[in-house]
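Peer 1: Hey, dropping protein21.pdb in here, PDB, C-alpha atoms:
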```
ATOM      1  CA  MET A  37       0.000   0.000   0.000
ATOM      2  CA  SER A  38       1.530   3.291  -1.048
ATOM      3  CA  VAL A  39       0.946   6.796  -2.377
ATOM      4  CA  ALA A  40       3.452   8.085  -4.920
ATOM      5  CA  ASP A  41       3.846  11.868  -5.205
ATOM      6  CA  ARG A  42       5.030  12.932  -8.656
ATOM      7  CA  THR A  43       5.307  16.128 -10.668
ATOM      8  CA  ALA A  44       4.682  16.351 -14.407
ATOM      9  CA  LYS A  45       7.558  18.197 -16.051
ATOM     10  CA  SER A  46       7.617  17.049 -19.665
ATOM     11  CA  ARG A  47       6.873  19.184 -22.693
ATOM     12  CA  GLU A  48       4.585  16.431 -23.922
ATOM     13  CA  MET A  49       2.418  16.731 -20.802
ATOM     14  CA  ARG A  50       2.185  20.505 -21.179
ATOM     15  CA  ASN A  51       1.175  20.127 -24.815
ATOM     16  CA  MET A  52      -1.341  17.403 -24.053
ATOM     17  CA  LYS A  53      -2.872  19.517 -21.300
ATOM     18  CA  ASN A  54      -3.435  22.328 -23.822
ATOM     19  CA  VAL A  55      -4.927  19.912 -26.371
ATOM     20  CA  VAL A  56      -7.374  18.419 -23.857
ATOM     21  CA  LYS A  57      -8.297  21.893 -22.603
ATOM     22  CA  LEU A  58      -9.087  22.948 -26.176
ATOM     23  CA  MET A  59     -11.147  19.810 -26.895
ATOM     24  CA  ASN A  60     -13.097  20.271 -23.657
ATOM     25  CA  LYS A  61     -13.776  23.957 -24.271
ATOM     26  CA  GLY A  62     -17.407  24.754 -23.516
ATOM     27  CA  ARG A  63     -18.026  21.236 -22.229
ATOM     28  CA  SER A  64     -16.977  21.336 -18.592
ATOM     29  CA  PHE A  65     -19.111  19.573 -16.019
ATOM     30  CA  ASP A  66     -20.383  22.295 -13.697
ATOM     31  CA  GLN A  67     -23.470  23.752 -12.043
ATOM     32  CA  ASN A  68     -25.015  24.427 -15.460
ATOM     33  CA  MET A  69     -25.062  20.798 -16.612
ATOM     34  CA  MET A  70     -28.852  20.616 -16.467
ATOM     35  CA  GLU A  71     -29.132  23.393 -19.045
ATOM     36  CA  VAL A  72     -27.056  21.609 -21.706
ATOM     37  CA  ASP A  73     -28.533  19.536 -24.523
ATOM     38  CA  TRP A  74     -26.094  16.652 -24.195
ATOM     39  CA  THR A  75     -27.435  14.822 -27.237
ATOM     40  CA  LYS A  76     -25.917  17.668 -29.275
ATOM     41  CA  ALA A  77     -23.060  18.761 -27.001
ATOM     42  CA  ARG A  78     -21.423  15.321 -27.002
ATOM     43  CA  VAL A  79     -21.250  14.955 -30.806
ATOM     44  CA  LEU A  80     -18.234  17.112 -31.701
ATOM     45  CA  PRO A  81     -15.981  16.140 -28.773
ATOM     46  CA  ASN A  82     -16.714  12.457 -29.341
ATOM     47  CA  LEU A  83     -15.858  12.877 -33.001
ATOM     48  CA  GLY A  84     -12.701  14.819 -32.222
ATOM     49  CA  TYR A  85     -11.328  12.145 -29.907
ATOM     50  CA  THR A  86     -11.730   9.477 -32.600
ATOM     51  CA  PHE A  87      -8.854  11.136 -34.481
ATOM     52  CA  MET A  88      -6.371  10.672 -31.630
ATOM     53  CA  PRO A  89      -3.508   8.362 -32.723
ATOM     54  CA  LYS A  90      -4.063   4.647 -32.176
ATOM     55  CA  GLU A  91      -1.501   2.078 -31.109
ATOM     56  CA  LYS A  92       0.264   0.176 -33.880
ATOM     57  CA  GLY A  93       0.065  -3.588 -33.737
ATOM     58  CA  VAL A  94      -3.451  -3.560 -32.271
ATOM     59  CA  LYS A  95      -6.565  -4.351 -34.298
ATOM     60  CA  GLY A  96      -9.978  -3.040 -33.310
ATOM     61  CA  TYR A  97     -13.423  -4.424 -34.100
ATOM     62  CA  ARG A  98     -17.011  -3.555 -33.253
ATOM     63  CA  ILE A  99     -18.696  -6.461 -31.489
ATOM     64  CA  GLY A 100     -22.139  -7.261 -30.166
ATOM     65  CA  ILE A 101     -21.775  -8.127 -26.493
ATOM     66  CA  GLY A 102     -24.208  -8.082 -23.578
ATOM     67  CA  GLY A 103     -26.865  -6.262 -25.583
ATOM     68  CA  THR A 104     -24.432  -3.505 -26.616
ATOM     69  CA  ILE A 105     -22.332  -2.757 -29.686
ATOM     70  CA  SER A 106     -18.949  -2.286 -28.058
ATOM     71  CA  GLU A 107     -15.355  -2.667 -29.252
ATOM     72  CA  ILE A 108     -12.620  -5.234 -28.827
ATOM     73  CA  LEU A 109      -8.937  -4.303 -29.197
ATOM     74  CA  VAL A 110      -6.628  -7.244 -29.882
ATOM     75  CA  PRO A 111      -2.798  -7.040 -29.970
ATOM     76  CA  ASP A 112      -1.056  -8.855 -32.809
ATOM     77  CA  HIS A 113       0.736 -11.033 -30.254
ATOM     78  CA  VAL A 114      -2.038 -11.461 -27.723
ATOM     79  CA  ARG A 115      -1.381 -12.816 -24.235
ATOM     80  CA  GLU A 116      -3.839 -15.101 -22.507
ATOM     81  CA  GLY A 117      -5.082 -15.205 -18.919
ATOM     82  CA  ILE A 118      -6.619 -11.728 -18.611
ATOM     83  CA  VAL A 119      -9.344  -9.783 -20.395
ATOM     84  CA  ILE A 120      -9.514  -6.055 -19.682
ATOM     85  CA  LEU A 121     -12.929  -4.389 -19.500
ATOM     86  CA  TYR A 122     -12.489  -0.673 -20.108
ATOM     87  CA  ILE A 123     -15.248   1.814 -19.182
ATOM     88  CA  HIS A 124     -14.875   5.291 -20.670
ATOM     89  CA  GLY A 125     -15.564   8.526 -18.826
ATOM     90  CA  GLY A 126     -17.517  11.598 -19.879
ATOM     91  CA  GLY A 127     -19.633  12.665 -16.926
ATOM     92  CA  PHE A 128     -22.177   9.883 -17.628
ATOM     93  CA  VAL A 129     -23.473  12.083 -20.481
ATOM     94  CA  SER A 130     -20.775  11.777 -23.155
ATOM     95  CA  GLY A 131     -17.914   9.636 -24.407
ATOM     96  CA  SER A 132     -17.949   6.407 -26.373
ATOM     97  CA  ALA A 133     -15.883   3.335 -27.136
ATOM     98  CA  SER A 134     -14.786   4.809 -30.461
ATOM     99  CA  ALA A 135     -13.854   8.175 -28.899
ATOM    100  CA  SER A 136     -11.608   6.406 -26.382
ATOM    101  CA  ARG A 137     -10.083   3.981 -28.893
ATOM    102  CA  ALA A 138      -6.678   5.658 -28.654
ATOM    103  CA  TYR A 139      -6.266   4.841 -24.977
ATOM    104  CA  SER A 140      -7.887   1.410 -25.136
ATOM    105  CA  SER A 141      -5.559   0.453 -28.003
ATOM    106  CA  MET A 142      -2.540   1.604 -25.970
ATOM    107  CA  LEU A 143      -3.826  -0.403 -23.022
ATOM    108  CA  ALA A 144      -4.020  -3.480 -25.245
ATOM    109  CA  GLY A 145      -0.628  -2.815 -26.811
ATOM    110  CA  CYS A 146       1.219  -2.268 -23.541
ATOM    111  CA  THR A 147      -0.323  -5.165 -21.609
ATOM    112  CA  GLY A 148      -0.655  -7.587 -24.520
ATOM    113  CA  TYR A 149      -4.181  -8.470 -23.360
ATOM    114  CA  ARG A 150      -7.541  -8.167 -25.111
ATOM    115  CA  VAL A 151      -9.457  -5.050 -24.195
ATOM    116  CA  ILE A 152     -13.246  -4.888 -24.363
ATOM    117  CA  SER A 153     -14.227  -1.208 -24.510
ATOM    118  CA  ALA A 154     -17.785  -0.856 -23.246
ATOM    119  CA  GLU A 155     -20.407   1.129 -25.142
ATOM    120  CA  TYR A 156     -22.989   1.845 -22.463
ATOM    121  CA  ARG A 157     -26.187   3.881 -22.430
ATOM    122  CA  LEU A 158     -25.716   7.531 -21.512
ATOM    123  CA  SER A 159     -27.699  10.032 -19.495
ATOM    124  CA  PRO A 160     -29.919  11.966 -19.615
ATOM    125  CA  GLU A 161     -31.639   9.678 -22.142
ATOM    126  CA  TYR A 162     -31.025   6.693 -19.862
ATOM    127  CA  ILE A 163     -30.567   7.109 -16.119
ATOM    128  CA  PHE A 164     -29.105   4.781 -13.500
ATOM    129  CA  PRO A 165     -28.878   1.840 -13.508
ATOM    130  CA  ALA A 166     -29.034   1.545 -17.339
ATOM    131  CA  GLY A 167     -25.358   2.220 -18.069
ATOM    132  CA  LEU A 168     -24.127   0.107 -15.167
ATOM    133  CA  GLU A 169     -26.408  -2.755 -16.209
ATOM    134  CA  ASP A 170     -24.912  -2.603 -19.718
ATOM    135  CA  CYS A 171     -21.433  -2.937 -18.233
ATOM    136  CA  TYR A 172     -22.537  -5.771 -15.943
ATOM    137  CA  ASN A 173     -24.045  -7.657 -18.884
ATOM    138  CA  ILE A 174     -20.780  -7.221 -20.789
ATOM    139  CA  LEU A 175     -18.898  -8.554 -17.755
ATOM    140  CA  ARG A 176     -21.171 -11.607 -17.634
ATOM    141  CA  VAL A 177     -20.526 -12.382 -21.305
ATOM    142  CA  ILE A 178     -16.756 -12.002 -20.856
ATOM    143  CA  ARG A 179     -16.884 -14.378 -17.902
ATOM    144  CA  LYS A 180     -18.863 -16.904 -19.951
ATOM    145  CA  LYS A 181     -16.681 -16.634 -23.065
ATOM    146  CA  TYR A 182     -13.416 -16.731 -21.104
ATOM    147  CA  PRO A 183     -14.290 -18.890 -18.068
ATOM    148  CA  ASP A 184     -10.665 -19.535 -17.070
ATOM    149  CA  TYR A 185      -9.523 -15.932 -17.433
ATOM    150  CA  LYS A 186      -9.319 -13.147 -14.883
ATOM    151  CA  ILE A 187     -10.963  -9.802 -15.630
ATOM    152  CA  VAL A 188      -9.364  -6.432 -14.927
ATOM    153  CA  ILE A 189     -11.701  -3.421 -14.935
ATOM    154  CA  VAL A 190     -10.262  -0.052 -15.984
ATOM    155  CA  GLY A 191     -12.055   3.286 -16.104
ATOM    156  CA  GLU A 192     -11.645   7.023 -15.710
ATOM    157  CA  SER A 193     -13.764   9.761 -14.162
ATOM    158  CA  ALA A 194     -17.418   8.655 -14.526
ATOM    159  CA  GLY A 195     -16.040   5.400 -15.922
ATOM    160  CA  GLY A 196     -13.960   5.075 -12.751
ATOM    161  CA  ASN A 197     -17.143   5.437 -10.733
ATOM    162  CA  MET A 198     -18.795   2.707 -12.786
ATOM    163  CA  SER A 199     -15.691   0.481 -12.620
ATOM    164  CA  LEU A 200     -15.804   0.527  -8.826
ATOM    165  CA  ALA A 201     -19.578   0.063  -8.773
ATOM    166  CA  LEU A 202     -19.287  -2.854 -11.195
ATOM    167  CA  ALA A 203     -16.600  -4.564  -9.129
ATOM    168  CA  LEU A 204     -18.704  -4.054  -5.984
ATOM    169  CA  LYS A 205     -21.735  -5.499  -7.736
ATOM    170  CA  ALA A 206     -19.772  -8.494  -9.018
ATOM    171  CA  ARG A 207     -18.353  -9.109  -5.538
ATOM    172  CA  ASP A 208     -21.774  -8.715  -3.916
ATOM    173  CA  ARG A 209     -23.160 -11.353  -6.282
ATOM    174  CA  GLY A 210     -20.373 -13.775  -5.451
ATOM    175  CA  ARG A 211     -18.394 -13.333  -8.669
ATOM    176  CA  LYS A 212     -14.668 -13.863  -8.069
ATOM    177  CA  SER A 213     -13.326 -13.313 -11.571
ATOM    178  CA  VAL A 214     -12.465  -9.607 -11.171
ATOM    179  CA  ALA A 215      -8.736  -9.661 -10.475
ATOM    180  CA  ALA A 216      -8.009  -5.922 -10.212
ATOM    181  CA  VAL A 217      -9.505  -2.466 -10.697
ATOM    182  CA  ILE A 218      -7.610   0.503 -12.165
ATOM    183  CA  VAL A 219      -9.241   3.919 -11.912
ATOM    184  CA  HIS A 220      -8.075   7.310 -13.150
ATOM    185  CA  SER A 221      -9.583  10.355 -11.384
ATOM    186  CA  PRO A 222     -12.681   8.462 -10.224
ATOM    187  CA  LEU A 223     -15.820  10.176  -8.947
ATOM    188  CA  VAL A 224     -16.773   8.267  -5.803
ATOM    189  CA  ASP A 225     -19.264  10.468  -3.939
ATOM    190  CA  PHE A 226     -22.462  12.319  -4.868
ATOM    191  CA  THR A 227     -23.634  13.097  -1.329
ATOM    192  CA  GLY A 228     -21.478  16.124  -0.540
ATOM    193  CA  SER A 229     -19.733  14.315   2.302
ATOM    194  CA  LEU A 230     -16.264  14.891   0.836
ATOM    195  CA  ASP A 231     -14.529  18.229   1.295
ATOM    196  CA  ARG A 232     -13.277  18.960  -2.209
ATOM    197  CA  SER A 233     -11.911  22.348  -1.123
ATOM    198  CA  ILE A 234      -9.120  20.980   1.079
ATOM    199  CA  HIS A 235      -6.491  22.107  -1.432
ATOM    200  CA  GLU A 236      -6.125  24.505  -4.322
ATOM    201  CA  VAL A 237      -8.251  23.358  -7.266
ATOM    202  CA  GLU A 238      -7.360  24.058 -10.883
ATOM    203  CA  ASP A 239      -9.630  21.976 -13.110
ATOM    204  CA  PHE A 240     -11.067  22.799 -16.529
ATOM    205  CA  THR A 241     -13.131  19.594 -16.798
ATOM    206  CA  VAL A 242     -14.934  18.970 -13.495
ATOM    207  CA  VAL A 243     -15.835  22.317 -11.947
ATOM    208  CA  SER A 244     -17.181  23.207  -8.520
ATOM    209  CA  GLY A 245     -20.962  22.899  -8.398
ATOM    210  CA  PHE A 246     -21.131  19.860 -10.697
ATOM    211  CA  GLU A 247     -22.236  17.420  -8.005
ATOM    212  CA  LYS A 248     -25.969  18.100  -7.644
ATOM    213  CA  PRO A 249     -26.865  18.485 -11.363
ATOM    214  CA  MET A 250     -24.702  15.528 -12.412
ATOM    215  CA  CYS A 251     -26.312  13.353  -9.765
ATOM    216  CA  GLU A 252     -29.768  14.401 -10.931
ATOM    217  CA  ILE A 253     -28.897  13.725 -14.573
ATOM    218  CA  TYR A 254     -27.316  10.342 -13.838
ATOM    219  CA  ALA A 255     -29.242   8.969 -10.875
ATOM    220  CA  GLY A 256     -32.564  10.795 -10.913
ATOM    221  CA  ASN A 257     -34.366  10.279  -7.603
ATOM    222  CA  GLU A 258     -32.217   7.367  -6.464
ATOM    223  CA  ASP A 259     -30.501   7.591  -3.075
ATOM    224  CA  PRO A 260     -27.001   8.994  -3.712
ATOM    225  CA  LYS A 261     -25.709   6.854  -0.826
ATOM    226  CA  ASN A 262     -26.348   3.765  -2.925
ATOM    227  CA  PRO A 263     -22.801   2.323  -3.236
ATOM    228  CA  TYR A 264     -23.412   1.626  -6.934
ATOM    229  CA  ILE A 265     -23.929   5.395  -7.350
ATOM    230  CA  SER A 266     -21.439   6.665  -4.755
ATOM    231  CA  PRO A 267     -18.900   3.818  -4.484
ATOM    232  CA  ILE A 268     -17.274   5.338  -1.399
ATOM    233  CA  TYR A 269     -20.238   3.884   0.537
ATOM    234  CA  GLY A 270     -19.400   0.344  -0.527
ATOM    235  CA  ASP A 271     -17.951  -2.399   1.659
ATOM    236  CA  TYR A 272     -14.406  -3.016   0.418
ATOM    237  CA  LYS A 273     -13.616  -6.097   2.448
ATOM    238  CA  GLY A 274     -12.565  -8.803   0.018
ATOM    239  CA  PHE A 275     -12.271  -6.261  -2.818
ATOM    240  CA  PRO A 276      -9.662  -6.933  -5.534
ATOM    241  CA  PRO A 277      -6.429  -4.869  -5.739
ATOM    242  CA  VAL A 278      -6.901  -1.224  -6.766
ATOM    243  CA  PHE A 279      -4.606   1.191  -8.615
ATOM    244  CA  ILE A 280      -5.604   4.895  -8.505
ATOM    245  CA  THR A 281      -4.246   7.898 -10.374
ATOM    246  CA  CYS A 282      -5.275  11.518  -9.950
ATOM    247  CA  ASP A 283      -4.059  15.071 -10.404
ATOM    248  CA  TYR A 284      -3.301  16.801  -7.121
ATOM    249  CA  ASN A 285      -5.128  19.984  -8.138
ATOM    250  CA  GLU A 286      -8.207  18.494  -9.772
ATOM    251  CA  THR A 287     -11.667  18.770  -8.250
ATOM    252  CA  LEU A 288     -11.885  15.011  -7.665
ATOM    253  CA  TYR A 289      -8.565  14.717  -5.835
ATOM    254  CA  ALA A 290     -10.523  14.313  -2.593
ATOM    255  CA  ASP A 291     -12.391  11.381  -4.150
ATOM    256  CA  SER A 292      -9.192   9.518  -4.992
ATOM    257  CA  LEU A 293      -7.739  10.144  -1.544
ATOM    258  CA  ALA A 294     -10.939   8.979   0.168
ATOM    259  CA  LEU A 295     -10.991   5.833  -1.991
ATOM    260  CA  TYR A 296      -7.354   5.109  -1.168
ATOM    261  CA  LYS A 297      -8.042   5.398   2.567
ATOM    262  CA  LYS A 298     -11.201   3.291   2.291
ATOM    263  CA  CYS A 299      -9.303   0.494   0.517
ATOM    264  CA  ARG A 300      -6.321   0.720   2.870
ATOM    265  CA  ASP A 301      -8.531   0.477   5.947
ATOM    266  CA  ALA A 302     -10.303  -2.555   4.468
ATOM    267  CA  GLY A 303      -7.005  -4.342   3.889
ATOM    268  CA  VAL A 304      -7.158  -4.031   0.100
ATOM    269  CA  ASN A 305      -3.908  -3.990  -1.873
ATOM    270  CA  VAL A 306      -4.079  -0.389  -3.089
ATOM    271  CA  LYS A 307      -1.625   1.907  -4.863
ATOM    272  CA  MET A 308      -2.094   5.565  -5.749
ATOM    273  CA  VAL A 309      -0.189   8.017  -7.935
ATOM    274  CA  GLN A 310      -0.970  11.696  -7.362
ATOM    275  CA  MET A 311       0.544  13.994  -9.978
ATOM    276  CA  LYS A 312       1.102  17.728  -9.811
ATOM    277  CA  GLY A 313       1.039  19.722 -13.040
ATOM    278  CA  ALA A 314      -1.255  17.350 -14.937
ATOM    279  CA  PHE A 315      -5.053  17.419 -15.316
ATOM    280  CA  HIS A 316      -8.239  15.443 -14.687
ATOM    281  CA  ALA A 317      -7.995  11.848 -15.987
ATOM    282  CA  TYR A 318      -4.506  12.457 -17.394
ATOM    283  CA  GLY A 319      -3.761   8.753 -16.873
ATOM    284  CA  THR A 320      -5.650   7.894 -20.050
ATOM    285  CA  MET A 321      -3.038   9.662 -22.189
ATOM    286  CA  GLY A 322      -1.253   6.320 -22.306
ATOM    287  CA  ASN A 323       2.142   6.493 -23.992
ATOM    288  CA  ARG A 324       1.721  10.059 -25.279
ATOM    289  CA  THR A 325       3.673  11.550 -22.365
ATOM    290  CA  PRO A 326       6.604  10.137 -20.362
ATOM    291  CA  GLU A 327       4.623  10.462 -17.140
ATOM    292  CA  THR A 328       1.594   8.559 -18.392
ATOM    293  CA  GLU A 329       3.668   5.973 -20.239
ATOM    294  CA  ARG A 330       5.260   5.135 -16.897
ATOM    295  CA  ILE A 331       1.802   4.705 -15.383
ATOM    296  CA  LEU A 332       0.701   2.518 -18.299
ATOM    297  CA  VAL A 333       3.661   0.208 -17.715
ATOM    298  CA  GLU A 334       2.947   0.185 -13.979
ATOM    299  CA  ASN A 335      -0.682  -0.706 -14.686
ATOM    300  CA  ALA A 336       0.423  -3.638 -16.848
ATOM    301  CA  LEU A 337       2.694  -4.906 -14.077
ATOM    302  CA  PHE A 338      -0.100  -4.399 -11.532
ATOM    303  CA  MET A 339      -2.393  -6.626 -13.593
ATOM    304  CA  ASP A 340       0.210  -9.363 -13.831
ATOM    305  CA  GLU A 341       0.869  -9.169 -10.090
ATOM    306  CA  ALA A 342      -2.867  -9.481  -9.448
ATOM    307  CA  ILE A 343      -2.988 -12.888 -11.156
ATOM    308  CA  GLY A 344       0.322 -14.029  -9.689
ATOM    309  CA  LEU A 345       2.611 -13.740 -12.696
ATOM    310  CA  TYR A 346       5.130 -11.723 -10.642
TER     311      TYR A 346
END
```
Translate this structure into structure tokens?

Peer 2:
Amino acid sequence: MSVADRTAKSREMRNMKNVVKLMNKGRSFDQNMMEVDWTKARVLPNLGYTFMPKEKGVKGYRIGIGGTISEILVPDHVREGIVILYIHGGGFVSGSASASRAYSSMLAGCTGYRVISAEYRLSPEYIFPAGLEDCYNILRVIRKKYPDYKIVIVGESAGGNMSLALALKARDRGRKSVAAVIVHSPLVDFTGSLDRSIHEVEDFTVVSGFEKPMCEIYAGNEDPKNPYISPIYGDYKGFPPVFITCDYNETLYADSLALYKKCRDAGVNVKMVQMKGAFHAYGTMGNRTPETERILVENALFMDEAIGLY
């Protein structure tokens, strides 16, 4: 169990921060979320992210799985034993498997494992538990198709929330095939119980005041203390190993720290990297910066350790 303090210093990280800021312009998650027509607002950013460079040596296909049309990324020299289920972020209202293909292909290329990138139903058209049920149905199909494999769940931001909720749900239903969970800048609490002002916040993606409207858009009238909505309320005894990354000055830093402490106190094997000078969900930049390439390699090793290869 450890927390690694790092500082982003590379030119590549500075450039990537500017690119992401530009692509997110006018699309931050804030107190005005309820006033946005997300069916229109998500179109251009989703399209823009599809042009991010993909990993060489990895083939991608659209597949029907668990009632969804998702994607599978397969390295040319695929390793067996693990299937990665990747759940994209986007505030529960945007994002897609195709828009996150760059990162999911890097994840496949670096680890050597198959990656299933989930295409789940988005809010506000579909509220909780629709998206989580899509991911759970995908998990069930993976377990059936690869009965002897372990499953690693990876997600960022809203996808980090759903990754934790999915692992909790699988554990609660007696499923033991989830070997590890990797989350980048996860949102873990909708109740207001976390003090997100404990440090200086500089975040152009998740902005103060987002909590109430995002919860209403995603969860409707459901109790925000439901651990499948606010995973910080889950019971983490017997939970698989967890790897967390976050930016020290992002709005959701408090969420990552609270999750780390929750896992540590429950005896979970948990590691956390907190980076200064990066940005929300920077971990999904994969090998495009030296800092995130290091994390990608560490994630691959973490997966192998979780199934006893090292």

Peer 1: One decimal, Å: what's the distance from CA of Asp225 in chain A over to CA of Ser266 in chain A, could you say?

Peer 2: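 Taking CA of Asp225 in chain A and CA of Ser266 in chain A, their separation equals 4.5 Å.
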
Peer 1: Return as an MDAnalysis selection string the set of residues that the PyMOL selection byres ((chain A and resi 132-142) around 6) yields on the displayed structure.

Peer 2: chainID A and resid 82 85:86 88:91 109 131 143:146 153 155 320 322

Peer 1: Would you be able to write out as a list in words which residues have an atom within 8 Å of (-1.4, 18.2, -9.3) in the file's coordinates, counting only C-alpha atoms?

Peer 2: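 Taken together, the residues in range are Thr43, Cys282, Asp283, Tyr284, Asn285, Glu286, Gln310, Met311, Lys312, Gly313, Ala314 and Phe315 of chain A.
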
Peer 1: List every residue of range 57-160 of chain A that has an atom at most 7 Å from any atom of range 240-243 of chain A, giving for each one its closest atom pair and the distance in Å to one decimal, counting only C-alpha atoms, sorted by chain and then by ascending residue number, as CSV.

Peer 2:
```
residue,atom,partner,partner_atom,distance
A:Lys57,CA,A:Phe240,CA,6.7
A:Asn60,CA,A:Thr241,CA,6.9
A:Ser64,CA,A:Thr241,CA,4.6
A:Phe65,CA,A:Val242,CA,4.9
A:Asp66,CA,A:Val243,CA,4.9
```

Peer 1: Would you mind listing what lies within 6 Å of range 170-181 of chain A as a PyMOL selection string, with all atoms listed in the file counted and same-chain residues fewer than 3 positions away left out?

Peer 2: chain A and resi 101-102+156+167

Peer 1: Can you check which parts of range 42-160 of chain A lie within 8 Å of range 324-333 of chain A? Per residue, the shortest pair of atoms and distance in Å to one decimal, counting all atoms listed in the file, sorted by chain and number, as a tab-separated table.

Peer 2:
```
residue	atom	partner	partner_atom	distance
A:Ala44	CA	A:Glu327	CA	6.5
A:Ser46	CA	A:Pro326	CA	7.0
A:Glu48	CA	A:Thr325	CA	5.2
A:Met49	CA	A:Thr325	CA	5.6
A:Met52	CA	A:Thr325	CA	7.9
A:Leu143	CA	A:Leu332	CA	7.2
A:Cys146	CA	A:Val333	CA	6.8
A:Thr147	CA	A:Val333	CA	7.7
```

Peer 1: Smallest atom-to-atom distance to Ser199 in chain A: which of A:Lys186, A:His220, A:Arg78, A:Arg115, using all atoms listed in the file?

Peer 2: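 Closest to Ser199 in chain A, using all atoms listed in the file: A:His220.
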
Peer 1: Taking into account all atoms listed in the file, which residue in the set A:Tyr185, A:Tyr289, A:Tyr97, A:Phe226 is nearest to Lys261 in chain A?

Peer 2: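 Nearest candidate to Lys261 in chain A out of A:Tyr185, A:Tyr289, A:Tyr97, A:Phe226: A:Phe226.
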
Peer 1: Here is a test: counting all atoms listed in the file, which residue of A:Leu168, A:Val129, A:Lys205, A:Asn54 is nearest to Phe275 in chain A?

Peer 2: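 Nearest candidate to Phe275 in chain A out of A:Leu168, A:Val129, A:Lys205, A:Asn54: A:Lys205.
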
Peer 1: Please evaluate the PyMOL selection byres ((chain A and resi 265) around 9) against the displayed coordinates and give the resulting residues as a list in words.

Peer 2: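 That expression, the PyMOL selection byres ((chain A and resi 265) around 9), corresponds here to Phe164, Pro165, Asn197, Met198, Ala201, Val224, Asp225, Phe226, Cys251, Tyr254, Ala255, Glu258, Asp259, Pro260, Lys261, Asn262, Pro263, Tyr264, Ser266, Pro267, Ile268 and Tyr269 of chain A.
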
Peer 1: Please, what distance in Å, to one decimal, runs between CA of Ile218 in chain A and CA of Lys95 in chain A?

Peer 2: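 One can read the CA of Ile218 in chain A to CA of Lys95 in chain A distance as 22.7 Å.
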
Peer 1: With all atoms listed in the file as the basis for distance, which of A:Ile105, A:Pro277, A:Tyr182, A:Phe128 is at the shortest distance from Trp74 in chain A?

Peer 2: A:Phe128
